[in-house]
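**Q** Please find entry-v9.cif (mmCIF, C-alpha atoms and all ligand atoms) on the next line:
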data_work
#
loop_
_atom_site.label_atom_id
_atom_site.label_comp_id
_atom_site.auth_asym_id
_atom_site.auth_seq_id
_atom_site.Cartn_x
_atom_site.Cartn_y
_atom_site.Cartn_z
CA VAL A 1168 10.42 33.59 1.84
CA THR A 1169 8.40 33.91 5.00
CA ASP A 1170 5.61 32.18 6.93
CA GLU A 1171 2.01 33.12 7.59
CA ASN A 1172 2.69 34.36 11.16
CA VAL A 1173 5.67 36.51 10.28
CA MET A 1174 4.14 37.87 7.06
CA PRO A 1175 1.63 40.27 8.70
CA LEU A 1176 4.23 41.40 11.23
CA TYR A 1177 7.39 42.17 9.28
CA PHE A 1178 7.01 41.39 5.57
CA GLU A 1179 5.95 44.86 4.47
CA ARG A 1180 8.73 46.62 6.31
CA VAL A 1181 11.37 44.36 4.79
CA THR A 1182 10.00 44.49 1.25
CA GLU A 1183 9.51 48.28 1.34
CA SER A 1184 13.11 48.63 2.41
CA LEU A 1185 14.34 46.33 -0.35
CA LYS A 1186 12.20 48.06 -2.98
CA GLY A 1187 13.52 51.40 -1.77
CA ALA A 1188 17.02 50.10 -2.48
CA GLY A 1189 15.97 49.23 -6.05
CA PHE A 1190 15.37 45.49 -5.75
CA GLN A 1191 12.61 43.64 -7.56
CA ILE A 1192 10.88 41.21 -5.22
CA PHE A 1193 9.13 37.88 -5.58
CA SER A 1194 7.67 36.51 -2.38
CA HIS A 1195 6.59 33.13 -1.13
CA CYS A 1196 4.69 32.45 2.08
CA ILE A 1197 4.54 29.01 3.73
CA PRO A 1198 2.24 27.75 6.48
CA ALA A 1199 3.85 28.23 9.91
CA GLY A 1200 5.39 25.27 11.69
CA GLU A 1201 7.71 22.30 11.28
CA PRO A 1202 5.51 20.38 8.76
CA SER A 1203 6.40 23.07 6.19
CA LYS A 1204 10.05 22.02 6.29
CA CYS A 1205 9.24 19.29 3.79
CA VAL A 1206 9.95 18.20 0.26
CA ASP A 1207 6.50 19.35 -1.02
CA GLN A 1208 7.11 22.90 0.19
CA LEU A 1209 10.61 22.77 -1.27
CA ILE A 1210 9.27 21.83 -4.69
CA ALA A 1211 6.64 24.58 -4.50
CA LEU A 1212 9.38 27.07 -3.65
CA TRP A 1213 11.71 25.87 -6.44
CA GLU A 1214 8.83 26.20 -8.92
CA LYS A 1215 7.89 29.66 -7.69
CA MET A 1216 11.49 30.77 -8.05
CA SER A 1217 11.72 29.31 -11.54
CA LEU A 1218 8.43 30.94 -12.60
CA GLY A 1219 9.81 34.24 -11.28
CA GLN A 1220 12.78 33.63 -13.59
CA ILE A 1221 15.29 33.74 -10.82
CA THR A 1222 18.89 34.10 -11.99
CA ARG A 1223 22.26 33.41 -10.43
CA THR A 1224 22.69 37.08 -9.54
CA ASP A 1225 19.51 37.05 -7.42
CA ALA A 1226 19.31 36.14 -3.76
CA VAL A 1227 16.91 34.33 -1.46
CA VAL A 1228 15.96 36.15 1.75
CA ALA A 1229 14.65 34.04 4.63
CA LEU A 1230 12.43 36.11 6.93
CA GLY A 1231 11.24 34.04 9.88
CA GLY A 1232 12.24 31.31 12.30
CA GLY A 1233 14.36 28.22 11.80
CA VAL A 1234 11.76 26.53 9.62
CA VAL A 1235 11.78 29.32 7.04
CA GLY A 1236 15.58 29.62 7.32
CA ASP A 1237 16.27 25.91 6.80
CA LEU A 1238 13.80 25.54 3.92
CA ALA A 1239 14.72 28.75 2.10
CA GLY A 1240 18.40 28.07 2.71
CA PHE A 1241 18.20 24.63 1.14
CA ALA A 1242 16.23 26.05 -1.80
CA ALA A 1243 18.95 28.68 -2.27
CA ALA A 1244 21.66 26.01 -2.03
CA THR A 1245 20.07 23.95 -4.78
CA ILE A 1246 18.26 26.22 -7.23
CA LEU A 1247 20.49 26.85 -10.27
CA ARG A 1248 23.17 24.92 -8.35
CA GLY A 1249 23.25 27.53 -5.63
CA ILE A 1250 22.53 31.25 -5.33
CA ASP A 1251 23.10 33.84 -2.59
CA PHE A 1252 21.12 33.63 0.58
CA ILE A 1253 20.41 36.15 3.37
CA GLN A 1254 18.97 35.25 6.75
CA ILE A 1255 16.67 37.62 8.67
CA PRO A 1256 15.85 35.44 11.69
CA THR A 1257 12.85 36.43 13.82
CA THR A 1258 12.77 33.79 16.61
CA LEU A 1259 15.22 33.59 19.49
CA LEU A 1260 16.24 30.10 18.35
CA ALA A 1261 16.92 31.31 14.83
CA GLN A 1262 18.81 34.40 16.05
CA VAL A 1263 21.17 32.46 18.34
CA ASP A 1264 21.42 29.23 16.43
CA SER A 1265 19.85 28.20 13.14
CA SER A 1266 20.60 31.35 11.09
CA VAL A 1267 24.33 31.07 11.81
CA GLY A 1268 26.55 28.24 10.62
CA GLY A 1269 25.18 27.36 7.20
CA LYS A 1270 23.24 24.17 7.89
CA THR A 1271 20.11 23.97 5.74
CA ALA A 1272 17.68 21.08 5.45
CA VAL A 1273 14.21 19.64 4.99
CA ASP A 1274 12.62 16.78 6.92
CA LEU A 1275 11.51 13.46 5.48
CA SER A 1276 8.61 11.45 6.87
CA VAL A 1277 11.18 9.03 8.33
CA GLY A 1278 13.20 11.65 10.17
CA LYS A 1279 14.19 15.27 10.69
CA ASN A 1280 16.80 17.17 8.67
CA LEU A 1281 17.64 14.14 6.55
CA VAL A 1282 18.19 16.04 3.29
CA GLY A 1283 20.18 19.23 3.29
CA ALA A 1284 23.34 21.11 2.48
CA PHE A 1285 25.98 23.25 4.10
CA TRP A 1286 25.25 26.62 2.52
CA GLN A 1287 26.51 29.73 4.26
CA PRO A 1288 24.33 32.83 4.21
CA LYS A 1289 26.00 35.91 2.72
CA ALA A 1290 24.65 37.88 5.69
CA VAL A 1291 22.58 37.38 8.81
CA LEU A 1292 20.57 40.45 9.80
CA ILE A 1293 19.22 40.29 13.34
CA ASP A 1294 16.75 42.79 14.72
CA PRO A 1295 16.22 41.85 18.39
CA ARG A 1296 12.99 43.87 18.49
CA THR A 1297 11.29 41.20 16.40
CA LEU A 1298 11.46 39.01 19.52
CA GLU A 1299 8.88 41.25 21.20
CA THR A 1300 6.05 39.60 19.25
CA LEU A 1301 7.13 36.03 20.06
CA PRO A 1302 4.73 33.92 22.13
CA ASN A 1303 6.20 32.94 25.52
CA GLY A 1304 6.53 29.28 24.54
CA THR A 1305 8.59 30.13 21.46
CA PHE A 1306 10.82 32.47 23.47
CA ARG A 1307 11.30 29.75 26.10
CA ASP A 1308 12.34 27.24 23.40
CA GLY A 1309 15.09 29.57 22.22
CA MET A 1310 16.31 29.93 25.81
CA ALA A 1311 17.17 26.21 25.86
CA GLU A 1312 19.79 26.84 23.17
CA VAL A 1313 20.98 30.01 24.94
CA ILE A 1314 21.51 27.99 28.14
CA LYS A 1315 23.33 25.36 26.08
CA TYR A 1316 25.95 27.88 24.94
CA GLY A 1317 26.64 28.81 28.56
CA CYS A 1318 26.93 25.14 29.57
CA ILE A 1319 29.34 24.14 26.82
CA TRP A 1320 31.53 27.20 26.48
CA ASP A 1321 31.05 30.11 28.86
CA GLY A 1322 30.57 29.65 32.60
CA ILE A 1323 30.44 33.40 33.22
CA PHE A 1324 27.60 33.75 30.71
CA LEU A 1325 25.80 30.85 32.39
CA LYS A 1326 26.09 32.60 35.75
CA TYR A 1327 24.78 35.78 34.15
CA LEU A 1328 21.75 33.89 32.81
CA SER A 1329 21.01 32.37 36.22
CA GLU A 1330 21.07 35.85 37.76
CA HIS A 1331 18.70 37.18 35.06
CA ALA A 1332 16.39 34.20 34.62
CA LYS A 1333 13.34 36.05 33.29
CA ARG A 1334 12.26 36.94 29.77
CA SER A 1335 12.07 40.66 30.67
CA GLU A 1336 15.62 40.66 32.06
CA ILE A 1337 17.00 38.74 29.09
CA MET A 1338 15.33 41.27 26.77
CA GLU A 1339 16.98 44.13 28.67
CA ALA A 1340 20.37 42.70 27.68
CA ILE A 1341 19.31 40.98 24.48
CA GLU A 1342 22.15 42.33 22.33
CA LEU A 1343 24.72 40.92 24.74
CA VAL A 1344 22.89 37.57 24.86
CA LEU A 1345 22.61 37.31 21.05
CA TYR A 1346 26.18 38.42 20.50
CA THR A 1347 27.58 35.97 23.05
CA CYS A 1348 25.72 33.01 21.52
CA CYS A 1349 26.47 33.91 17.89
CA ASP A 1350 30.11 34.49 18.73
CA ILE A 1351 30.45 31.03 20.31
CA LYS A 1352 28.73 29.44 17.33
CA ARG A 1353 30.89 31.45 14.91
CA HIS A 1354 34.02 30.22 16.65
CA LEU A 1355 32.95 26.57 16.62
CA VAL A 1356 31.78 26.69 12.99
CA GLU A 1357 34.91 28.48 11.80
CA THR A 1358 37.01 25.81 13.49
CA ASP A 1359 34.95 22.89 12.15
CA GLU A 1360 32.48 23.89 9.44
CA HIS A 1361 31.45 20.38 8.46
CA ASP A 1362 30.80 18.88 11.89
CA ALA A 1363 33.85 16.63 12.08
CA GLY A 1364 34.98 17.66 15.56
CA LEU A 1365 34.56 20.73 17.75
CA ARG A 1366 31.21 21.75 16.18
CA LYS A 1367 29.75 18.62 17.73
CA LEU A 1368 29.90 20.35 21.12
CA LEU A 1369 26.74 22.14 19.93
CA ASN A 1370 24.99 18.77 20.16
CA PHE A 1371 25.02 18.92 23.96
CA GLY A 1372 21.52 17.93 25.09
CA HIS A 1373 20.57 16.90 21.56
CA THR A 1374 21.40 13.16 21.57
CA LEU A 1375 18.86 12.46 24.28
CA GLY A 1376 16.77 15.46 23.26
CA HIS A 1377 16.10 13.68 19.97
CA ALA A 1378 14.82 10.70 21.95
CA TYR A 1379 12.27 12.96 23.66
CA GLU A 1380 11.18 14.57 20.39
CA LEU A 1381 10.77 11.08 18.96
CA ALA A 1382 8.93 9.80 22.05
CA GLY A 1383 6.39 12.58 21.60
CA GLN A 1384 6.32 12.00 17.82
CA TYR A 1385 7.45 15.61 17.34
CA LYS A 1386 4.06 16.80 18.60
CA ILE A 1387 4.19 16.71 22.39
CA TRP A 1388 7.60 18.25 23.09
CA THR A 1389 9.10 21.17 21.22
CA HIS A 1390 12.76 21.06 20.26
CA GLY A 1391 13.63 23.52 23.05
CA GLN A 1392 11.83 21.49 25.71
CA ALA A 1393 13.50 18.30 24.48
CA VAL A 1394 16.95 19.93 24.48
CA ALA A 1395 16.47 21.27 28.02
CA ALA A 1396 15.54 17.81 29.36
CA GLY A 1397 18.31 16.33 27.19
CA MET A 1398 20.95 18.64 28.72
CA CYS A 1399 19.84 17.63 32.24
CA MET A 1400 19.81 13.92 31.39
CA GLU A 1401 23.18 14.03 29.60
CA THR A 1402 24.61 15.80 32.64
CA ARG A 1403 23.26 13.02 34.89
CA LEU A 1404 24.82 10.54 32.50
CA GLY A 1405 28.16 12.36 32.58
CA ILE A 1406 28.05 12.29 36.38
CA GLN A 1407 27.28 8.58 36.41
CA LEU A 1408 30.15 7.87 34.02
CA GLY A 1409 32.58 9.97 36.03
CA GLN A 1410 32.94 12.54 33.24
CA THR A 1411 31.08 15.41 34.91
CA PRO A 1412 31.31 16.68 38.49
CA PRO A 1413 28.08 16.05 40.48
CA ASP A 1414 27.61 19.74 41.33
CA ALA A 1415 27.06 20.60 37.64
CA LEU A 1416 23.49 19.30 37.58
CA GLU A 1417 21.57 21.50 40.00
CA PRO A 1418 22.40 24.88 38.37
CA ILE A 1419 21.32 23.60 34.93
CA GLU A 1420 18.09 22.12 36.27
CA HIS A 1421 17.36 25.29 38.19
CA LEU A 1422 18.01 27.52 35.18
CA CYS A 1423 15.90 25.42 32.81
CA ALA A 1424 13.05 25.32 35.33
CA SER A 1425 13.23 29.12 35.80
CA PHE A 1426 12.38 29.52 32.13
CA GLY A 1427 9.60 26.94 32.31
CA LEU A 1428 11.62 24.26 30.54
CA PRO A 1429 11.38 20.61 31.63
CA THR A 1430 14.33 18.96 33.39
CA SER A 1431 13.21 15.43 32.58
CA ILE A 1432 10.83 13.80 30.12
CA PRO A 1433 9.52 10.23 30.31
CA CYS A 1434 10.91 8.08 27.52
CA SER A 1435 11.17 4.36 26.78
CA LEU A 1436 14.51 2.61 26.39
CA GLU A 1437 13.42 1.79 22.85
CA ASP A 1438 13.11 5.46 21.92
CA TYR A 1439 16.46 6.16 23.55
CA ALA A 1440 17.97 3.32 21.49
CA THR A 1441 16.52 4.67 18.24
CA ALA A 1442 17.77 8.20 18.94
CA ILE A 1443 21.24 6.94 19.83
CA GLY A 1444 21.23 4.90 16.63
CA HIS A 1445 21.61 1.70 18.59
CA ASP A 1446 19.20 -0.31 16.50
CA LYS A 1447 19.42 -2.68 13.59
CA LYS A 1448 19.21 0.08 10.99
CA SER A 1449 22.19 2.10 12.12
CA SER A 1450 25.80 1.40 11.33
CA GLY A 1451 28.86 2.34 13.33
CA LEU A 1452 29.40 1.08 16.83
CA ASN A 1453 30.51 4.27 18.52
CA ILE A 1454 28.81 7.47 19.54
CA THR A 1455 30.47 10.82 20.16
CA ALA A 1456 28.88 11.86 23.41
CA VAL A 1457 29.07 15.45 24.67
CA PHE A 1458 29.70 15.69 28.39
CA LEU A 1459 30.36 18.67 30.61
CA ASP A 1460 33.90 18.69 31.91
CA HIS A 1461 32.55 21.35 34.22
CA LEU A 1462 29.91 24.06 33.93
CA GLY A 1463 31.03 26.25 31.05
CA LYS A 1464 33.19 23.65 29.31
CA ALA A 1465 32.05 20.63 27.33
CA LYS A 1466 34.15 17.85 25.85
CA LEU A 1467 33.64 15.11 23.28
CA HIS A 1468 33.82 11.53 24.44
CA ASP A 1469 33.77 8.60 22.00
CA MET A 1470 32.26 5.46 23.44
CA PRO A 1471 30.43 2.34 22.24
CA LYS A 1472 26.73 2.98 21.67
CA SER A 1473 25.96 -0.11 23.71
CA ASP A 1474 27.77 1.34 26.75
CA TYR A 1475 25.98 4.66 26.33
CA LEU A 1476 22.62 2.94 26.19
CA LEU A 1477 23.48 0.75 29.16
CA ALA A 1478 24.32 3.86 31.19
CA VAL A 1479 20.98 5.42 30.17
CA SER A 1480 19.12 2.28 31.15
CA LYS A 1481 20.85 2.26 34.57
CA LEU A 1482 19.87 5.88 35.06
CA ILE A 1483 16.22 5.34 34.22
CA SER A 1484 15.90 2.16 36.25
CA GLY A 1485 17.57 3.93 39.21
CA LYS A 1486 15.04 6.71 38.88
CA GLU A 1487 12.16 4.25 38.77
CA ARG A 1488 13.47 2.55 41.93
CA LYS A 1489 13.74 5.92 43.67
CA GLY A 1490 10.18 6.82 42.55
CA LYS A 1491 8.79 3.56 43.94
CA LYS A 1492 10.65 4.04 47.24
CA SER A 1493 9.31 7.54 47.74
CA LYS A 1494 5.75 6.37 46.91
CA SER A 1495 5.94 3.55 49.48
N1 LIG B 1501 20.12 25.08 10.63
C1 LIG B 1501 20.48 24.93 11.88
O1 LIG B 1501 21.65 24.99 12.23
C2 LIG B 1501 19.41 24.72 12.90
C3 LIG B 1501 19.74 24.81 14.26
C4 LIG B 1501 18.70 24.66 15.18
C5 LIG B 1501 17.41 24.44 14.75
N2 LIG B 1501 17.14 24.35 13.43
C6 LIG B 1501 15.77 24.13 12.94
O2 LIG B 1501 14.99 25.26 13.27
C7 LIG B 1501 13.63 24.88 13.35
C8 LIG B 1501 13.00 25.50 14.57
O3 LIG B 1501 13.09 26.90 14.45
P1 LIG B 1501 12.11 27.87 15.27
O4 LIG B 1501 12.06 27.45 16.69
O5 LIG B 1501 12.51 29.26 14.92
O6 LIG B 1501 10.69 27.47 14.68
P2 LIG B 1501 9.69 28.17 13.62
O7 LIG B 1501 10.42 28.69 12.46
O8 LIG B 1501 8.62 27.18 13.40
O9 LIG B 1501 9.11 29.40 14.45
C9 LIG B 1501 8.33 29.16 15.61
C10 LIG B 1501 6.99 29.90 15.52
O10 LIG B 1501 7.20 31.29 15.74
C11 LIG B 1501 6.56 32.05 14.70
N3 LIG B 1501 7.33 33.28 14.59
C12 LIG B 1501 8.53 33.45 14.03
N4 LIG B 1501 8.99 34.69 14.27
C13 LIG B 1501 8.03 35.32 14.99
C14 LIG B 1501 7.94 36.62 15.57
N5 LIG B 1501 8.94 37.49 15.50
N6 LIG B 1501 6.81 36.94 16.23
C15 LIG B 1501 5.81 36.03 16.38
N7 LIG B 1501 5.85 34.78 15.87
C16 LIG B 1501 6.97 34.44 15.19
C17 LIG B 1501 6.57 31.13 13.51
O11 LIG B 1501 5.57 31.47 12.60
C18 LIG B 1501 6.30 29.77 14.17
O12 LIG B 1501 4.93 29.61 14.37
C19 LIG B 1501 13.61 23.35 13.38
O13 LIG B 1501 13.18 22.87 12.15
C20 LIG B 1501 15.07 22.98 13.60
O14 LIG B 1501 15.41 21.75 13.03
C21 LIG B 1501 18.12 24.49 12.50
ZN ZN B 1502 18.94 22.57 18.81
#
Could you render the structure from this file as structure tokens?

**A**
Amino acid sequence: VTDENVMPLYFERVTESLKGAGFQIFSHCIPAGEPSKCVDQLIALWEKMSLGQITRTDAVVALGGGVVGDLAGFAAATILRGIDFIQIPTTLLAQVDSSVGGKTAVDLSVGKNLVGAFWQPKAVLIDPRTLETLPNGTFRDGMAEVIKYGCIWDGIFLKYLSEHAKRSEIMEAIELVLYTCCDIKRHLVETDEHDAGLRKLLNFGHTLGHAYELAGQYKIWTHGQAVAAGMCMETRLGIQLGQTPPDALEPIEHLCASFGLPTSIPCSLEDYATAIGHDKKSSGLNITAVFLDHLGKAKLHDMPKSDYLLAVSKLISGKERKGKKSKS
């Protein structure tokens, strides 16, 4: 399973190699982009697999970014009640994040990733050279997740990134960067496969990041941009709530900006409330917030959603006041 951008670049090489090893191949190509991570594409893929008479000893190979990986992974998890699945991720985001950890999903029109399964790939094959053909914007999006790993788990890695804050320099040490990120994710997932505790640290920047994705209706801001601004805002929030030391913010802002990622995104309190789940539809009064204890170490902090939202509203109104002052 691949998409229309990756197909002309890498499909032949992968299929020739598989054929050479004696495999029979059926392929399926989806349009590139998030809208393909949907139920319609899932049904088309299930039907293609069934028409190809797929059996339980076959495997699904996902060749592409996170969209292909999540869709093909969920198809593998569900066809014939689950068959083997191999990830060959070709974006930076997929290589450091989505291909590892076994989360698969499709989006519904009412929200992202709402239907899915935990389904571990049998193998993840990463060829860093595939990153050479990535557009700058897509590379930059993956860097948001790379920066996240440094923030939550590895201060030395974060320092390394800030001293090599250019695509060319990251590519010079790409194996180290990929290994460091995958190893952190491996550790967190092995400790907490089903997201009940430590794995939630990976959500740093994502609670408020989701508000930004929502505010832009998933069209204006990419996931990476939203996560970068989310990490900065959640750090400001941690500082305000006395959970994070004030000197943690500037290095993160600086690093995100060096890669062309935003450090703040305008967003209404309503969108924040929806993303936090503080609206009539959501149940449960508490949120597990991720705050930085210091740069390189994150912690989980349970608090009432209403308090979290109040802190956000104080932050944004403080910012507005500051903005007005500096204008006058
Ligand atoms: N399962 C998880 O744990 C997990 C974690 C994070 C994100 N995700 C999901 O991943 C998705 C985002 O993944 P993504 O950023 O990889 O997006 P994507 O799969 O849409 O890829 C981004 C773009 O890059 C193109 N592309 C891919 N590889 C290329 C290459 N080597 N050269 C040139 N172009 C290439 C694609 O065709 C696409 O246009 C989202 O749906 C998100 O929800 C899942
Ligand atoms: Zn993410």

**Q** What residues have an atom no more than 12 Å from (18.9, 14.5, 8.5) in the file's own frame, counting all atoms listed in the file, and can you write them as a list in words?

**A** Lys1204, Cys1205, Asp1237, Lys1270, Thr1271, Ala1272, Val1273, Asp1274, Leu1275, Ser1276, Val1277, Gly1278, Lys1279, Asn1280, Leu1281, Val1282, Gly1283, Ala1284 and His1377 of chain A

**Q** Kindly compile the residues surrounding ligand LIG 1501 (chain B) within 8 Å, counting all atoms listed in the file, and format them as an MDAnalysis selection string.

**A** chainID A and resid 1170:1173 1176:1177 1198:1201 1204 1231:1237 1256:1261 1264:1273 1279:1280 1297:1302 1305 1308:1309 1390:1391

**Q** Work out how far apart CA of Leu1408 in chain A and CA of Val1394 in chain A are and give it in Å to one decimal.

**A**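 For CA of Leu1408 in chain A relative to CA of Val1394 in chain A, the distance reads 20.3 Å.
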
**Q** Name the residues, using the chain letters and numbers of the file, that sit within 7 Å of (21.4, -1.7, 24.4) when counting only C-alpha atoms, and give them as a compact mmCIF listing (two decimals) with C-alpha atoms, keeping the file's coordinate frame.

**A**
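Heads up, here's the output in point.txt:
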# COMPACT_ATOMS: atom_id res chain seq x y z
CA ALA A 1440 17.97 3.32 21.49
CA HIS A 1445 21.61 1.70 18.59
CA SER A 1473 25.96 -0.11 23.71
CA LEU A 1476 22.62 2.94 26.19
CA LEU A 1477 23.48 0.75 29.16

**Q** Given the choices A:Ala1456, A:Ala1311, A:Cys1349, A:Met1470, which gets closest to ligand ZN 1502 (chain B) if the distance is worked out from all atoms listed in the file?

**A**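 Closest to ligand ZN 1502 (chain B), using all atoms listed in the file: A:Ala1311.
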
**Q** Rank A:Leu1292, A:Leu1369, A:Leu1436, A:Leu1422 by their smallest atom-to-atom distance to ligand ZN 1502 (chain B), using all atoms listed in the file, and report the top residue only.

**A**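 Residue with the minimum atom-to-atom distance to ligand ZN 1502 (chain B): A:Leu1369.
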
**Q** When you count all atoms listed in the file, which of these residues is closest to ligand ZN 1502 (chain B): A:Ala1395, A:Val1168, A:Ala1244, A:Val1479?

**A**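 The shortest atom-to-atom distance to ligand ZN 1502 (chain B) comes from A:Ala1395.
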
**Q** Can you pull out the residues contacting Ser1431 in chain A? Cut-off 8 Å, using all atoms listed in the file, and skip same-chain residues under 2 positions away; I want them as an mmCIF file with C-alpha atoms, in the coordinates of the input.

**A**
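Written output follows (selection.cif):
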data_model
loop_
_atom_site.group_PDB
_atom_site.id
_atom_site.type_symbol
_atom_site.label_atom_id
_atom_site.label_comp_id
_atom_site.auth_asym_id
_atom_site.auth_seq_id
_atom_site.Cartn_x
_atom_site.Cartn_y
_atom_site.Cartn_z
ATOM 1 C CA ALA A 1396 15.540 17.810 29.360
ATOM 2 C CA GLY A 1397 18.310 16.330 27.190
ATOM 3 C CA CYS A 1399 19.840 17.630 32.240
ATOM 4 C CA MET A 1400 19.810 13.920 31.390
ATOM 5 C CA PRO A 1429 11.380 20.610 31.630
ATOM 6 C CA PRO A 1433 9.520 10.230 30.310
#

**Q** Which polymer residues have any atom within 6 Å of an atom of Asp1321 in chain A, counting all atoms listed in the file, with same-chain residues fewer than 3 positions away left out, as a list in words?

**A**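 The residues that qualify are Gly1317, Phe1324 and Gly1463 of chain A.
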
**Q** Just checking: using all atoms listed in the file, which residue out of A:Leu1365, A:Ile1246, A:Ala1229, A:Met1398 ends up closest to Tyr1379 in chain A?

**A**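 Nearest to Tyr1379 in chain A: A:Met1398.
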
**Q** So what do you get for CA of Gly1372 in chain A versus CA of Leu1343 in chain A, distance-wise?

**A** 23.2 Å

**Q** Between CA of Ile1197 in chain A and CA of Gln1220 in chain A, what is the distance in Å, rounded to a tenth?

**A**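 Distance between the two atoms: 19.7 Å.
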
**Q** Go through A:Lys1464, A:Lys1215, A:Lys1472, A:Arg1180 one by one, measure the shortest atom-to-atom distance of each to Tyr1439 in chain A using only C-alpha atoms, and give the residue with the smallest value.

**A**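 Checking each of A:Lys1464, A:Lys1215, A:Lys1472, A:Arg1180 against Tyr1439 in chain A, counting only C-alpha atoms, the winner is A:Lys1472.
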
**Q** Give me the residues within 9 Å of Gly1427 in chain A as number ranges by chain, counting all atoms listed in the file and dropping any in the same chain fewer than 6 places off.

**A** A: 1304, 1307, 1392
